[in-house]
Amino acid sequence: MFKVIKNNKKLRHGLVKTPHGVLETPFFMPDATRAYVKQLTNKETLETGTKALVVNTFHLYLQPGLAVIKKAGGVHKFMNWSGPLLSDSGGFQVFSLIHRNSAMGKINDDKVIFKSPLDGSLHELTPEKSIQIQFDLGVDMMVCLDDCPPNEFSRVDLERAVARTIAWAKRCKIEFEKQIKKRRLNGLKKPLLFAVVQGGAELDLRENCAQELVKIGFDGYGFGARPVDKDGNFLENILEKTAEFIPENSLRFALGIGTPEDILRCSKMGWDMFDCVIPTREGRHGRLFRFNKNKTYKTLNINNAKFLADFTAINIGSRITELKRHSLAYLHHLFKMNESLGQKLATLNNLEFYQDLLAGIRRNNKN
RNA sequence: GUGCCCAUGGUGUAGUGGUAACACAGCAGGUUGUGGUCCUGUUAUCGAGAGUUCAAUUCUCUCUGGGCACC
């Protein structure tokens, strides 16, 4: 259940009730694709201010496999996470796999068949199966299987992907209702369901896709495909208009977004939910995010030689003791030694930065 | 002491009578529904001296340094 508490033009503040707790919007979810945030224990993840995580259907289906997760009693129990979890449908992964290499699978209107990148075995994914898997995972928020085309696809190909995404969303909704009844998940136990708006950089396709999905009716709607073009330019206008195509009382989920700047921009357009690999992945590669005094931010590459003897703190204002006490010079040393403790500290730093960024947006939107 | 072998960037190795290549390290970029090991640039080298030659990192000699064997 989602309720907008404050709506000042497009600056939104709201509450999402999920089976595993309430979330204030807008919020950011780190990606725990394979049921772990890389480098961190759950306790450490919580210390960054993180409330909810994203896991991935595609990855968990392949490893460790559904049998194991069902036996564990769901992903929450498997990974010992008691907060809200969202699962991605796996559509993005399957389609990027096939679009990169057509030998990896086939897509038709009914289903998608793909080869496991792990052992080459063949698997079939349908909208119904994707929803069933997500119920087996036992997550709080699920995403419909969508046909996710690269933004550079031709108009005709984008149209076909939109048509398929709508048809599949309908099938997902039907399967969702079926599973709800079958599993008797009423009231607060009922997960939220999201559909994904496709259409590349063609505004009318985005509008059409959103309208058709709204007719079917979902708790929230996501922005599909990469939010940047092939030159790395942010699709600002497309994001802004797509948010407007989504009803005000629905959740707006900006999948895979993004840089701190992109999240700031999107939150001003009325997007409520974000997830991205940037803070964790870039952290592992040595890029740190930090605030300037005037609330702007900058990044630094801890690998750079200029940090060799920089004994200032990683983040003097951090709530996390290690970030407050350890110096940049020490972190530089850990990275030069290829010591995973360095990746952990950088991940902690970046997730705390992202959560502080979102907390700031929420404060701003409340007032 | 005698004999033999070796010497190429920071490290480990290619190679050639027309001034040198690769890997790692270094330096710096990149990463948007996860590439933990990824990608892209970039800096830097023929131990010293003499000889042969139009030309030597390459051939010869001496020296220096290192290794092996023998006494």
# chains A, B, ... in the order shown; residues from 1 in each chain; ligands from 1

$ residues_around --residues "range 44-53 of chain B" --least-positions-apart "3" --cutoff "10 Å" --atoms "only C-alpha atoms (C1' of nucleotides)" --output "number ranges by chain"
B: 7-10, 17, 19-20, 26, 56-65

$ write_last_selection --atoms "C-alpha atoms (C1' of nucleotides)" --output "PDB file, in the first residue's frame"
ATOM      1  C1'   A B   7      73.413  -8.916 -18.124  1.00  0.00           C
ATOM      2  C1'   U B   8      67.109  -5.526 -22.146  1.00  0.00           C
ATOM      3  C1'   G B   9      61.956  -0.218 -18.394  1.00  0.00           C
ATOM      4  C1'   G B  10      60.402  -0.635 -11.264  1.00  0.00           C
ATOM      5  C1'   G B  17      73.579  -5.313 -37.828  1.00  0.00           C
ATOM      6  C1'   U B  19      67.939   2.442 -31.638  1.00  0.00           C
ATOM      7  C1'   A B  20      63.134  -2.444 -29.426  1.00  0.00           C
ATOM      8  C1'   G B  26      53.216   2.838 -12.008  1.00  0.00           C
ATOM      9  C1'   A B  56      76.180  -1.879 -32.708  1.00  0.00           C
ATOM     10  C1'   U B  57      71.216  -3.230 -28.020  1.00  0.00           C
ATOM     11  C1'   U B  58      72.861  -7.175 -31.536  1.00  0.00           C
ATOM     12  C1'   C B  59      79.604  -8.988 -33.637  1.00  0.00           C
ATOM     13  C1'   U B  60      84.825  -8.723 -30.937  1.00  0.00           C
ATOM     14  C1'   C B  61      87.775  -7.303 -26.602  1.00  0.00           C
ATOM     15  C1'   U B  62      88.333  -5.233 -21.614  1.00  0.00           C
ATOM     16  C1'   C B  63      85.973  -3.951 -17.186  1.00  0.00           C
ATOM     17  C1'   U B  64      81.965  -4.294 -13.650  1.00  0.00           C
ATOM     18  C1'   G B  65      78.114  -7.214 -11.520  1.00  0.00           C
TER      19        G B  65
END

$ interface_residues --of "chain B" --to "chain A" --cutoff "8 Å" --atoms "only C-alpha atoms (C1' of nucleotides)" --output "list in words"
U31, U32, G33, U34 and G36 of chain B

$ write_last_selection --atoms "C-alpha atoms (C1' of nucleotides)" --output "short mmCIF file (atom, residue, chain, number, x, y, z; two decimals), in the first residue's frame"
data_model
loop_
_atom_site.label_atom_id
_atom_site.label_comp_id
_atom_site.auth_asym_id
_atom_site.auth_seq_id
_atom_site.Cartn_x
_atom_site.Cartn_y
_atom_site.Cartn_z
"C1'" U B 31 31.38 1.89 -14.94
"C1'" U B 32 23.28 3.72 -14.42
"C1'" G B 33 16.96 -3.12 -13.36
"C1'" U B 34 25.84 -5.67 -10.61
"C1'" G B 36 34.05 -8.48 -6.61
#

$ closest_residue --among "A:Ala309, A:Ala103, A:Leu188, A:Ala169" --to "Lys17 in chain A" --atoms "only C-alpha atoms"
A:Leu188

$ select_by_dssp --residues "range 178-219 of chain A" --states "helix (DSSP H, G or I)" --output "ChimeraX atom specification"
/A:178-183,187-189,203-216

$ atom_distance --atom1 "CA of Val94 in chain A" --atom2 "CA of Cys172 in chain A"
16.9 Å

$ residues_around --residues "range 21-24 of chain B" --least-positions-apart "4" --cutoff "9 Å" --atoms "only C-alpha atoms (C1' of nucleotides)" --output "list of chain:residue names"
B:U11, B:G12, B:U13, B:A14, B:G15

$ residues_around --residues "Val162 in chain A" --least-positions-apart "5" --cutoff "7 Å" --atoms "only C-alpha atoms (C1' of nucleotides)" --output "PyMOL selection string"
chain A and resi 198-199+209

$ select_by_dssp --residues "range 178-317 of chain A" --states "strand (DSSP E)" --output "JSON, numbers by chain"
{"A": [192, 193, 194, 195, 196, 197, 220, 221, 222, 223, 251, 252, 253, 254, 273, 274, 275, 276, 287, 288, 289, 290, 291, 297, 298, 299, 300, 301]}

$ write_last_selection --atoms "N, CA and C atoms" --output "mmCIF file, in the first residue's frame"
data_model
loop_
_atom_site.group_PDB
_atom_site.id
_atom_site.type_symbol
_atom_site.label_atom_id
_atom_site.label_comp_id
_atom_site.auth_asym_id
_atom_site.auth_seq_id
_atom_site.Cartn_x
_atom_site.Cartn_y
_atom_site.Cartn_z
ATOM 1 N N LEU A 192 3.542 -5.964 -3.218
ATOM 2 C CA LEU A 192 3.198 -4.947 -4.210
ATOM 3 C C LEU A 192 3.696 -5.397 -5.579
ATOM 4 N N LEU A 193 2.964 -5.028 -6.622
ATOM 5 C CA LEU A 193 3.341 -5.422 -7.976
ATOM 6 C C LEU A 193 3.605 -4.195 -8.851
ATOM 7 N N PHE A 194 4.736 -4.247 -9.545
ATOM 8 C CA PHE A 194 5.133 -3.142 -10.426
ATOM 9 C C PHE A 194 5.157 -3.587 -11.882
ATOM 10 N N ALA A 195 4.699 -2.709 -12.764
ATOM 11 C CA ALA A 195 4.857 -2.928 -14.202
ATOM 12 C C ALA A 195 5.949 -1.972 -14.692
ATOM 13 N N VAL A 196 6.482 -2.233 -15.881
ATOM 14 C CA VAL A 196 7.586 -1.417 -16.381
ATOM 15 C C VAL A 196 7.205 -0.727 -17.683
ATOM 16 N N VAL A 197 7.443 0.575 -17.728
ATOM 17 C CA VAL A 197 7.136 1.365 -18.919
ATOM 18 C C VAL A 197 8.325 1.327 -19.876
ATOM 19 N N GLY A 220 2.636 0.107 -8.664
ATOM 20 C CA GLY A 220 3.651 1.069 -9.099
ATOM 21 C C GLY A 220 4.089 0.783 -10.520
ATOM 22 N N TYR A 221 4.809 1.753 -11.075
ATOM 23 C CA TYR A 221 5.260 1.651 -12.466
ATOM 24 C C TYR A 221 6.735 2.032 -12.527
ATOM 25 N N GLY A 222 7.485 1.240 -13.278
ATOM 26 C CA GLY A 222 8.919 1.488 -13.349
ATOM 27 C C GLY A 222 9.317 2.113 -14.671
ATOM 28 N N PHE A 223 10.471 2.738 -14.664
ATOM 29 C CA PHE A 223 11.043 3.241 -15.909
ATOM 30 C C PHE A 223 11.993 2.178 -16.441
ATOM 31 N N LEU A 251 3.208 4.349 -7.097
ATOM 32 C CA LEU A 251 4.647 4.465 -6.888
ATOM 33 C C LEU A 251 5.360 4.574 -8.231
ATOM 34 N N ARG A 252 6.375 5.414 -8.261
ATOM 35 C CA ARG A 252 7.169 5.558 -9.483
ATOM 36 C C ARG A 252 8.583 5.063 -9.188
ATOM 37 N N PHE A 253 8.946 4.014 -9.885
ATOM 38 C CA PHE A 253 10.203 3.313 -9.612
ATOM 39 C C PHE A 253 11.174 3.537 -10.766
ATOM 40 N N ALA A 254 12.244 4.269 -10.485
ATOM 41 C CA ALA A 254 13.258 4.546 -11.504
ATOM 42 C C ALA A 254 14.320 3.454 -11.452
ATOM 43 N N MET A 273 11.263 5.773 -6.088
ATOM 44 C CA MET A 273 12.114 4.648 -5.714
ATOM 45 C C MET A 273 13.298 4.526 -6.678
ATOM 46 N N PHE A 274 14.433 4.170 -6.110
ATOM 47 C CA PHE A 274 15.642 4.057 -6.914
ATOM 48 C C PHE A 274 16.440 2.824 -6.504
ATOM 49 N N ASP A 275 17.140 2.262 -7.469
ATOM 50 C CA ASP A 275 18.126 1.229 -7.143
ATOM 51 C C ASP A 275 19.230 1.362 -8.170
ATOM 52 N N CYS A 276 20.436 1.075 -7.774
ATOM 53 C CA CYS A 276 21.546 1.204 -8.717
ATOM 54 C C CYS A 276 22.790 0.514 -8.187
ATOM 55 N N ARG A 287 36.191 4.436 -6.350
ATOM 56 C CA ARG A 287 35.627 5.795 -6.423
ATOM 57 C C ARG A 287 34.759 6.055 -5.202
ATOM 58 N N LEU A 288 35.043 7.140 -4.491
ATOM 59 C CA LEU A 288 34.283 7.494 -3.294
ATOM 60 C C LEU A 288 33.428 8.724 -3.555
ATOM 61 N N PHE A 289 32.207 8.681 -3.039
ATOM 62 C CA PHE A 289 31.333 9.856 -3.091
ATOM 63 C C PHE A 289 31.424 10.564 -1.750
ATOM 64 N N ARG A 290 31.471 11.897 -1.803
ATOM 65 C CA ARG A 290 31.415 12.635 -0.542
ATOM 66 C C ARG A 290 30.800 14.010 -0.758
ATOM 67 N N PHE A 291 30.165 14.505 0.302
ATOM 68 C CA PHE A 291 29.525 15.810 0.227
ATOM 69 C C PHE A 291 30.545 16.925 0.407
ATOM 70 N N TYR A 297 28.238 17.657 -4.146
ATOM 71 C CA TYR A 297 29.070 16.504 -3.846
ATOM 72 C C TYR A 297 30.191 16.384 -4.870
ATOM 73 N N LYS A 298 31.166 15.563 -4.540
ATOM 74 C CA LYS A 298 32.246 15.289 -5.476
ATOM 75 C C LYS A 298 32.642 13.823 -5.357
ATOM 76 N N THR A 299 33.418 13.368 -6.313
ATOM 77 C CA THR A 299 33.915 12.007 -6.210
ATOM 78 C C THR A 299 35.435 12.082 -6.131
ATOM 79 N N LEU A 300 36.010 11.060 -5.502
ATOM 80 C CA LEU A 300 37.468 10.974 -5.548
ATOM 81 C C LEU A 300 37.896 9.543 -5.806
ATOM 82 N N ASN A 301 38.994 9.427 -6.543
ATOM 83 C CA ASN A 301 39.525 8.109 -6.856
ATOM 84 C C ASN A 301 40.636 7.804 -5.861
#

$ residues_around --residues "range 332-336 of chain A" --least-positions-apart "5" --cutoff "7 Å" --atoms "only C-alpha atoms (C1' of nucleotides)" --output "ChimeraX atom specification"
/A:302-303,307-308,341-342
